[in-house]
file structure.cif (mmCIF, C-alpha atoms)
data_my_file
#
loop_
_atom_site.group_PDB
_atom_site.id
_atom_site.type_symbol
_atom_site.label_atom_id
_atom_site.label_comp_id
_atom_site.auth_asym_id
_atom_site.auth_seq_id
_atom_site.Cartn_x
_atom_site.Cartn_y
_atom_site.Cartn_z
ATOM 1 C CA MET A 1 31.507 -31.942 -39.572
ATOM 2 C CA SER A 2 28.350 -32.490 -37.587
ATOM 3 C CA PRO A 3 24.974 -32.895 -39.341
ATOM 4 C CA LYS A 4 23.921 -29.509 -37.926
ATOM 5 C CA GLN A 5 27.024 -27.818 -39.404
ATOM 6 C CA HIS A 6 26.399 -29.537 -42.723
ATOM 7 C CA ARG A 7 22.771 -28.328 -42.777
ATOM 8 C CA GLY A 8 24.020 -24.822 -41.970
ATOM 9 C CA GLU A 9 26.445 -24.909 -44.904
ATOM 10 C CA VAL A 10 23.729 -26.204 -47.230
ATOM 11 C CA THR A 11 21.398 -23.415 -46.104
ATOM 12 C CA ALA A 12 24.072 -20.742 -46.627
ATOM 13 C CA GLU A 13 24.765 -22.152 -50.117
ATOM 14 C CA GLN A 14 21.045 -22.077 -50.931
ATOM 15 C CA LEU A 15 20.869 -18.444 -49.898
ATOM 16 C CA LEU A 16 23.959 -17.492 -51.912
ATOM 17 C CA ASP A 17 22.746 -19.344 -55.015
ATOM 18 C CA ALA A 18 19.302 -17.760 -54.755
ATOM 19 C CA ALA A 19 20.812 -14.315 -54.202
ATOM 20 C CA LEU A 20 22.829 -14.626 -57.398
ATOM 21 C CA ARG A 21 19.733 -15.688 -59.364
ATOM 22 C CA VAL A 22 17.776 -12.749 -57.965
ATOM 23 C CA TYR A 23 20.650 -10.379 -58.709
ATOM 24 C CA GLY A 24 20.945 -11.697 -62.266
ATOM 25 C CA GLU A 25 17.221 -11.261 -62.900
ATOM 26 C CA SER A 26 16.550 -8.016 -61.013
ATOM 27 C CA GLY A 27 19.875 -6.300 -60.345
ATOM 28 C CA GLU A 28 20.945 -4.696 -57.111
ATOM 29 C CA GLN A 29 17.547 -3.051 -56.524
ATOM 30 C CA GLY A 30 15.819 -6.422 -56.688
ATOM 31 C CA LEU A 31 18.157 -8.070 -54.185
ATOM 32 C CA THR A 32 15.915 -7.824 -51.161
ATOM 33 C CA VAL A 33 15.405 -10.060 -48.149
ATOM 34 C CA SER A 34 11.943 -11.083 -49.324
ATOM 35 C CA ALA A 35 13.126 -11.840 -52.878
ATOM 36 C CA VAL A 36 16.002 -14.009 -51.627
ATOM 37 C CA THR A 37 13.951 -15.902 -49.048
ATOM 38 C CA ARG A 38 11.224 -16.492 -51.643
ATOM 39 C CA ALA A 39 13.724 -17.696 -54.273
ATOM 40 C CA SER A 40 15.641 -19.903 -51.831
ATOM 41 C CA GLY A 41 12.791 -21.285 -49.750
ATOM 42 C CA VAL A 42 14.918 -20.443 -46.697
ATOM 43 C CA SER A 43 13.466 -18.574 -43.735
ATOM 44 C CA LEU A 44 14.153 -14.955 -42.921
ATOM 45 C CA GLY A 45 15.677 -16.036 -39.600
ATOM 46 C CA SER A 46 18.168 -18.302 -41.383
ATOM 47 C CA LEU A 47 19.263 -15.471 -43.675
ATOM 48 C CA TYR A 48 19.916 -13.244 -40.668
ATOM 49 C CA HIS A 49 21.585 -16.082 -38.771
ATOM 50 C CA HIS A 50 24.065 -16.815 -41.580
ATOM 51 C CA PHE A 51 24.699 -13.336 -42.979
ATOM 52 C CA GLY A 52 23.401 -10.802 -40.437
ATOM 53 C CA SER A 53 21.628 -8.698 -43.063
ATOM 54 C CA ILE A 54 21.024 -8.369 -46.782
ATOM 55 C CA ASP A 55 24.234 -6.321 -46.910
ATOM 56 C CA GLY A 56 26.126 -9.193 -45.305
ATOM 57 C CA LEU A 57 24.655 -11.590 -47.866
ATOM 58 C CA TYR A 58 25.574 -9.208 -50.688
ATOM 59 C CA GLU A 59 29.149 -8.937 -49.424
ATOM 60 C CA ALA A 60 29.500 -12.709 -48.970
ATOM 61 C CA LEU A 61 28.139 -13.277 -52.470
ATOM 62 C CA THR A 62 30.546 -10.742 -53.966
ATOM 63 C CA GLN A 63 33.516 -12.225 -52.105
ATOM 64 C CA ARG A 64 32.485 -15.732 -53.154
ATOM 65 C CA TRP A 65 32.535 -14.852 -56.842
ATOM 66 C CA LEU A 66 35.594 -12.618 -56.634
ATOM 67 C CA GLY A 67 37.349 -15.520 -54.965
ATOM 68 C CA ARG A 68 36.271 -17.857 -57.758
ATOM 69 C CA LEU A 69 37.488 -15.444 -60.423
ATOM 70 C CA LEU A 70 40.854 -14.980 -58.712
ATOM 71 C CA GLY A 71 41.112 -18.723 -58.194
ATOM 72 C CA GLU A 72 40.506 -19.411 -61.882
ATOM 73 C CA LEU A 73 43.118 -16.817 -62.833
ATOM 74 C CA ALA A 74 45.680 -18.307 -60.432
ATOM 75 C CA THR A 75 44.997 -21.833 -61.698
ATOM 76 C CA ALA A 76 45.266 -20.765 -65.337
ATOM 77 C CA LEU A 77 48.522 -18.940 -64.683
ATOM 78 C CA VAL A 78 50.223 -22.153 -63.557
ATOM 79 C CA SER A 79 50.098 -23.486 -67.135
ATOM 80 C CA ALA A 80 51.884 -20.454 -68.600
ATOM 81 C CA ARG A 81 55.604 -21.012 -69.146
ATOM 82 C CA THR A 82 56.440 -17.484 -70.302
ATOM 83 C CA ALA A 83 55.216 -14.057 -69.269
ATOM 84 C CA ARG A 84 53.737 -13.567 -72.709
ATOM 85 C CA GLU A 85 51.742 -16.799 -72.335
ATOM 86 C CA GLY A 86 50.718 -15.582 -68.884
ATOM 87 C CA VAL A 87 49.218 -12.402 -70.311
ATOM 88 C CA ASP A 88 47.359 -14.461 -72.899
ATOM 89 C CA VAL A 89 45.985 -16.985 -70.408
ATOM 90 C CA LEU A 90 44.952 -14.299 -67.896
ATOM 91 C CA THR A 91 43.118 -12.349 -70.579
ATOM 92 C CA ARG A 92 41.318 -15.376 -71.985
ATOM 93 C CA THR A 93 40.451 -16.811 -68.577
ATOM 94 C CA TYR A 94 39.057 -13.507 -67.317
ATOM 95 C CA LEU A 95 36.916 -12.910 -70.399
ATOM 96 C CA THR A 96 35.698 -16.518 -70.422
ATOM 97 C CA PHE A 97 34.687 -16.183 -66.763
ATOM 98 C CA VAL A 98 32.728 -13.025 -67.597
ATOM 99 C CA ARG A 99 30.930 -14.690 -70.507
ATOM 100 C CA GLU A 100 30.107 -17.888 -68.630
ATOM 101 C CA ASN A 101 29.097 -16.204 -65.351
ATOM 102 C CA ARG A 102 27.326 -13.050 -66.484
ATOM 103 C CA ALA A 103 25.312 -12.443 -63.291
ATOM 104 C CA ALA A 104 28.365 -13.024 -61.098
ATOM 105 C CA ALA A 105 30.487 -10.804 -63.358
ATOM 106 C CA LEU A 106 27.880 -8.044 -63.128
ATOM 107 C CA LEU A 107 28.023 -8.368 -59.347
ATOM 108 C CA VAL A 108 31.823 -8.333 -59.112
ATOM 109 C CA HIS A 109 32.039 -5.349 -61.481
ATOM 110 C CA SER A 110 29.139 -3.422 -59.911
ATOM 111 C CA SER A 111 29.423 0.111 -58.610
ATOM 112 C CA ARG A 112 28.550 -1.202 -55.154
ATOM 113 C CA ALA A 113 31.426 -3.698 -55.262
ATOM 114 C CA ASP A 114 33.689 -0.859 -56.419
ATOM 115 C CA ARG A 115 32.504 1.341 -53.560
ATOM 116 C CA VAL A 116 33.112 -1.375 -50.971
ATOM 117 C CA GLY A 117 36.479 -2.082 -52.585
ATOM 118 C CA MET A 118 37.486 1.554 -52.243
ATOM 119 C CA GLU A 119 36.247 1.827 -48.665
ATOM 120 C CA ARG A 120 37.688 -1.468 -47.464
ATOM 121 C CA GLY A 121 40.356 -2.134 -50.063
ATOM 122 C CA ARG A 122 43.191 -3.163 -47.757
ATOM 123 C CA GLU A 123 40.967 -5.460 -45.678
ATOM 124 C CA LEU A 124 39.486 -7.118 -48.771
ATOM 125 C CA ARG A 125 42.907 -7.474 -50.375
ATOM 126 C CA ASP A 126 44.164 -9.198 -47.253
ATOM 127 C CA THR A 127 41.278 -11.716 -47.345
ATOM 128 C CA GLN A 128 42.167 -12.592 -50.948
ATOM 129 C CA GLU A 129 45.945 -12.320 -50.431
ATOM 130 C CA ALA A 130 46.800 -15.918 -51.321
ATOM 131 C CA ARG A 131 45.095 -15.623 -54.682
ATOM 132 C CA VAL A 132 46.194 -12.060 -55.429
ATOM 133 C CA SER A 133 49.799 -12.813 -54.543
ATOM 134 C CA ALA A 134 49.832 -15.807 -56.922
ATOM 135 C CA PHE A 135 50.258 -13.315 -59.763
ATOM 136 C CA ALA A 136 53.068 -11.504 -57.948
ATOM 137 C CA GLN A 137 54.849 -14.771 -57.137
ATOM 138 C CA TRP A 138 54.547 -15.926 -60.728
ATOM 139 C CA LEU A 139 55.720 -12.537 -62.017
ATOM 140 C CA ARG A 140 58.815 -11.888 -59.857
ATOM 141 C CA PRO A 141 61.100 -14.485 -61.503
ATOM 142 C CA ARG A 142 60.059 -13.212 -64.935
ATOM 143 C CA ILE A 143 61.016 -9.674 -63.954
ATOM 144 C CA GLU A 144 64.338 -10.933 -62.542
ATOM 145 C CA ALA A 145 65.000 -12.866 -65.763
ATOM 146 C CA GLY A 146 64.494 -9.695 -67.803
ATOM 147 C CA GLU A 147 61.381 -10.974 -69.550
ATOM 148 C CA VAL A 148 59.109 -8.348 -67.977
ATOM 149 C CA ALA A 149 59.971 -4.679 -67.486
ATOM 150 C CA PRO A 150 61.223 -3.911 -63.958
ATOM 151 C CA LEU A 151 58.127 -2.017 -62.865
ATOM 152 C CA PRO A 152 56.361 -2.167 -59.487
ATOM 153 C CA ILE A 153 54.133 -5.253 -59.421
ATOM 154 C CA PRO A 154 50.931 -3.281 -58.667
ATOM 155 C CA LEU A 155 51.610 -1.229 -61.809
ATOM 156 C CA ILE A 156 52.133 -4.377 -63.875
ATOM 157 C CA GLU A 157 48.848 -5.763 -62.490
ATOM 158 C CA SER A 158 47.129 -2.565 -63.611
ATOM 159 C CA LEU A 159 48.686 -2.749 -67.068
ATOM 160 C CA VAL A 160 47.665 -6.384 -67.469
ATOM 161 C CA LEU A 161 44.208 -6.402 -65.900
ATOM 162 C CA GLY A 162 43.101 -2.806 -66.526
ATOM 163 C CA PRO A 163 42.297 -3.302 -70.224
ATOM 164 C CA VAL A 164 40.674 -6.673 -69.546
ATOM 165 C CA VAL A 165 38.467 -5.323 -66.751
ATOM 166 C CA GLY A 166 37.537 -2.306 -68.893
ATOM 167 C CA THR A 167 36.577 -4.572 -71.780
ATOM 168 C CA ALA A 168 34.550 -6.832 -69.482
ATOM 169 C CA ARG A 169 32.680 -3.844 -68.035
ATOM 170 C CA ARG A 170 31.862 -2.535 -71.494
ATOM 171 C CA TRP A 171 30.556 -5.934 -72.587
ATOM 172 C CA LEU A 172 28.509 -6.282 -69.397
ATOM 173 C CA ALA A 173 26.989 -2.840 -69.984
ATOM 174 C CA ASP A 174 25.475 -4.181 -73.229
ATOM 175 C CA PHE A 175 26.773 -1.389 -75.431
ATOM 176 C CA GLY A 176 26.909 -3.963 -78.204
ATOM 177 C CA ASP A 177 30.286 -2.803 -79.470
ATOM 178 C CA VAL A 178 32.557 -5.376 -77.797
ATOM 179 C CA ASP A 179 33.150 -8.885 -79.065
ATOM 180 C CA LEU A 180 34.790 -10.916 -76.299
ATOM 181 C CA ASP A 181 36.329 -13.384 -78.763
ATOM 182 C CA GLU A 182 37.938 -10.537 -80.678
ATOM 183 C CA ALA A 183 39.100 -8.947 -77.418
ATOM 184 C CA ALA A 184 40.647 -12.247 -76.287
ATOM 185 C CA ARG A 185 42.480 -12.423 -79.600
ATOM 186 C CA LEU A 186 43.698 -8.801 -79.760
ATOM 187 C CA LEU A 187 44.280 -7.660 -76.180
ATOM 188 C CA PRO A 188 47.077 -10.036 -75.114
ATOM 189 C CA GLU A 189 49.544 -8.724 -77.691
ATOM 190 C CA ARG A 190 48.766 -5.080 -76.851
ATOM 191 C CA ILE A 191 49.026 -5.761 -73.129
ATOM 192 C CA TRP A 192 52.260 -7.700 -73.608
ATOM 193 C CA ARG A 193 53.834 -4.696 -75.349
ATOM 194 C CA SER A 194 53.081 -2.566 -72.274
ATOM 195 C CA ILE A 195 54.960 -4.836 -69.836
ATOM 196 C CA SER A 196 57.607 -6.470 -72.008
ATOM 197 C CA ALA A 197 61.232 -5.700 -71.139
ATOM 198 C CA GLU A 198 62.093 -5.657 -74.849
#
call {"tool": "encode", "arguments": {"input": "structure.cif", "output": "structure tokens"}}
result
Amino acid sequence: MSPKQHRGEVTAEQLLDAALRVYGESGEQGLTVSAVTRASGVSLGSLYHHFGSIDGLYEALTQRWLGRLLGELATALVSARTAREGVDVLTRTYLTFVRENRAAALLVHSSRADRVGMERGRELRDTQEARVSAFAQWLRPRIEAGEVAPLPIPLIESLVLGPVVGTARRWLADFGDVDLDEAARLLPERIWRSISAE
């Protein structure tokens, strides 16, 4: 990598890090070009050069953190020997990510991210395919072995992640009625019952 490419990567990282700080402090409405350039110390021209627009920066930031979340889930899944352990580790890893990365979790679970996901779902899924398919690859032999009910994999994903995502969203909304430790303790068993072949 040339020094110029390295400087470009450092600048893009600065912009992404600053954008997350701004988002965490001010929400979507506060994520403006001027707020990000002020927080990052990077010029307006550099922001446009690297991301094209504030929307491009927002999308790159969302994809960055979605990728990190999916990567953590895929890594955690490797340690699970059984499907039941897999449900437990996915639940705990997801909720830990949400707790430890609140601003990023708010971004990934935002209505804007949902809207983009609905509009460009197939394209976004394809960009994250390696990470998304890690769950499917891990799951197939467990279905074939009769450990998991023989349901379509997208339905199993919904049964496993739906309650976890719903719990995360409720916690992020600050309703004050969700304890993530309690959820991590109680949800895996309930989720397991929904996908178990027993």
call {"tool": "residues_around", "arguments": {"input": "structure.cif", "residues": "Val89 in chain A", "least_positions_apart": "4", "cutoff": "9 Å", "atoms": "all atoms listed in the file", "output": "PDB file with C-alpha atoms, keeping the file's coordinate frame"}}
result
ATOM      1  CA  LEU A  73      43.118 -16.817 -62.833  1.00  0.00           C
ATOM      2  CA  ALA A  76      45.266 -20.765 -65.337  1.00  0.00           C
ATOM      3  CA  LEU A  77      48.522 -18.940 -64.683  1.00  0.00           C
ATOM      4  CA  SER A  79      50.098 -23.486 -67.135  1.00  0.00           C
ATOM      5  CA  ALA A  80      51.884 -20.454 -68.600  1.00  0.00           C
ATOM      6  CA  ARG A  84      53.737 -13.567 -72.709  1.00  0.00           C
ATOM      7  CA  GLU A  85      51.742 -16.799 -72.335  1.00  0.00           C
ATOM      8  CA  THR A  93      40.451 -16.811 -68.577  1.00  0.00           C
ATOM      9  CA  TYR A  94      39.057 -13.507 -67.317  1.00  0.00           C
ATOM     10  CA  PRO A 188      47.077 -10.036 -75.114  1.00  0.00           C
TER      11      PRO A 188
END
call {"tool": "residues_around", "arguments": {"input": "structure.cif", "residues": "range 20-30 of chain A", "least_positions_apart": "3", "cutoff": "12 Å", "atoms": "all atoms listed in the file", "output": "number ranges by chain"}}
result
A: 13-17, 33-40, 54-55, 57-62, 64-65, 101-113, 172
call {"tool": "residues_around", "arguments": {"input": "structure.cif", "residues": "range 150-160 of chain A", "least_positions_apart": "5", "cutoff": "7 Å", "atoms": "all atoms listed in the file", "output": "PyMOL selection string"}}
result
chain A and resi 87+136+143+191+194-195
call {"tool": "write_last_selection", "arguments": {"input": "structure.cif", "atoms": "C-alpha atoms", "output": "mmCIF file, keeping the file's coordinate frame"}}
result
data_model
loop_
_atom_site.group_PDB
_atom_site.id
_atom_site.type_symbol
_atom_site.label_atom_id
_atom_site.label_comp_id
_atom_site.auth_asym_id
_atom_site.auth_seq_id
_atom_site.Cartn_x
_atom_site.Cartn_y
_atom_site.Cartn_z
ATOM 1 C CA VAL A 87 49.218 -12.402 -70.311
ATOM 2 C CA ALA A 136 53.068 -11.504 -57.948
ATOM 3 C CA ILE A 143 61.016 -9.674 -63.954
ATOM 4 C CA ILE A 191 49.026 -5.761 -73.129
ATOM 5 C CA SER A 194 53.081 -2.566 -72.274
ATOM 6 C CA ILE A 195 54.960 -4.836 -69.836
#
call {"tool": "residues_around", "arguments": {"input": "structure.cif", "residues": "Ala183 in chain A", "least_positions_apart": "3", "cutoff": "10 Å", "atoms": "only C-alpha atoms", "output": "list of chain:residue names"}}
result
A:Thr91, A:Arg92, A:Leu95, A:Pro163, A:Val164, A:Thr167, A:Ala168, A:Val178, A:Asp179, A:Leu180, A:Leu186, A:Leu187, A:Pro188
call {"tool": "write_last_selection", "arguments": {"input": "structure.cif", "atoms": "C-alpha atoms", "output": "PDB file, keeping the file's coordinate frame"}}
result
ATOM      1  CA  THR A  91      43.118 -12.349 -70.579  1.00  0.00           C
ATOM      2  CA  ARG A  92      41.318 -15.376 -71.985  1.00  0.00           C
ATOM      3  CA  LEU A  95      36.916 -12.910 -70.399  1.00  0.00           C
ATOM      4  CA  PRO A 163      42.297  -3.302 -70.224  1.00  0.00           C
ATOM      5  CA  VAL A 164      40.674  -6.673 -69.546  1.00  0.00           C
ATOM      6  CA  THR A 167      36.577  -4.572 -71.780  1.00  0.00           C
ATOM      7  CA  ALA A 168      34.550  -6.832 -69.482  1.00  0.00           C
ATOM      8  CA  VAL A 178      32.557  -5.376 -77.797  1.00  0.00           C
ATOM      9  CA  ASP A 179      33.150  -8.885 -79.065  1.00  0.00           C
ATOM     10  CA  LEU A 180      34.790 -10.916 -76.299  1.00  0.00           C
ATOM     11  CA  LEU A 186      43.698  -8.801 -79.760  1.00  0.00           C
ATOM     12  CA  LEU A 187      44.280  -7.660 -76.180  1.00  0.00           C
ATOM     13  CA  PRO A 188      47.077 -10.036 -75.114  1.00  0.00           C
TER      14      PRO A 188
END
call {"tool": "resolve_selection", "arguments": {"input": "structure.cif", "expression": "the PyMOL selection byres ((chain A and resi 147) around 10)", "output": "number ranges by chain"}}
result
A: 82-84, 139, 141-146, 148-150, 195-198
call {"tool": "atom_distance", "arguments": {"input": "structure.cif", "atom1": "CA of Gln137 in chain A", "atom2": "CA of Gln63 in chain A"}}
result
22.1 Å
call {"tool": "atom_distance", "arguments": {"input": "structure.cif", "atom1": "CA of Ser133 in chain A", "atom2": "CA of Gly67 in chain A"}}
result
12.7 Å
